[in-house]
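Heads up, the thing below is written out as structure tokens.
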Amino acid sequence: MQITDEMVHVALKKSVEAGLLPRHPPPDEAAQNREVIRGILAGVMELIQQSRMKDSSS
């Protein structure tokens, strides 16, 4: 599964709502936040894929 811009947008929105990221960061910080969120989502996707592979081999 590929990480979409919509996934990143929703994750950023939830992070702001939770107080983890500032609502109005400077542009360079906003770009960095997007990359961090994209990395987190990639890690989650990898774990999901590994879990599915493990379940299918059982």
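Residues in the structure tokens are named by chain (A, B, ... in the order shown) and by number from 1 within that chain; ligands are numbered from 1 in the order shown.
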
**Request:** Could you pull out the residues in chain A that DSSP calls helix (DSSP H, G or I) from the backbone, as a PyMOL selection string?
**Result:** chain A and resi 5-17+27-56

**Request:** For A:His24, please output as a list in words all residues within 12 Å (counting only C-alpha atoms; exclusion window: fewer than 5 positions along the same chain).
**Result:** Leu12, Lys13, Val16, Gly19, Glu29, Ala30, Ala31 and Asn33 of chain A

**Shell around A:Arg38 at 12 Å using only C-alpha atoms, local window under 4 positions removed, as a PyMOL selection string** = chain A and resi 2-12+31-34+42-45

What would the file look like if the residues just selected were written as a PDB file, in the first residue's frame with C-alpha atoms?
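What ended up in again_29.pdb:
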```pdb
ATOM      1  CA  GLN A   2       1.268   3.426  -0.912  1.00  0.00           C
ATOM      2  CA  ILE A   3       1.239   6.438   1.420  1.00  0.00           C
ATOM      3  CA  THR A   4      -0.990   9.122  -0.092  1.00  0.00           C
ATOM      4  CA  ASP A   5      -0.989  12.876   0.409  1.00  0.00           C
ATOM      5  CA  GLU A   6      -4.401  12.481   2.034  1.00  0.00           C
ATOM      6  CA  MET A   7      -2.937  10.093   4.638  1.00  0.00           C
ATOM      7  CA  VAL A   8      -0.193  12.600   5.425  1.00  0.00           C
ATOM      8  CA  HIS A   9      -2.737  15.430   5.636  1.00  0.00           C
ATOM      9  CA  VAL A  10      -4.991  13.532   8.050  1.00  0.00           C
ATOM     10  CA  ALA A  11      -2.043  12.452  10.207  1.00  0.00           C
ATOM     11  CA  LEU A  12      -0.776  16.045  10.363  1.00  0.00           C
ATOM     12  CA  ALA A  31       7.931  20.615   5.234  1.00  0.00           C
ATOM     13  CA  GLN A  32       9.994  18.820   7.862  1.00  0.00           C
ATOM     14  CA  ASN A  33       6.814  17.850   9.756  1.00  0.00           C
ATOM     15  CA  ARG A  34       5.351  16.358   6.561  1.00  0.00           C
ATOM     16  CA  ALA A  42       5.858   4.229   6.253  1.00  0.00           C
ATOM     17  CA  GLY A  43       6.889   2.448   9.459  1.00  0.00           C
ATOM     18  CA  VAL A  44       3.287   1.656  10.301  1.00  0.00           C
ATOM     19  CA  MET A  45       2.623   0.350   6.797  1.00  0.00           C
TER      20      MET A  45
END
```

**Message:** Could you tell me how far atom CA of A:Arg52 sits from atom CA of A:Leu20, in Å to one decimal place?
**Reply:** 29.6 Å
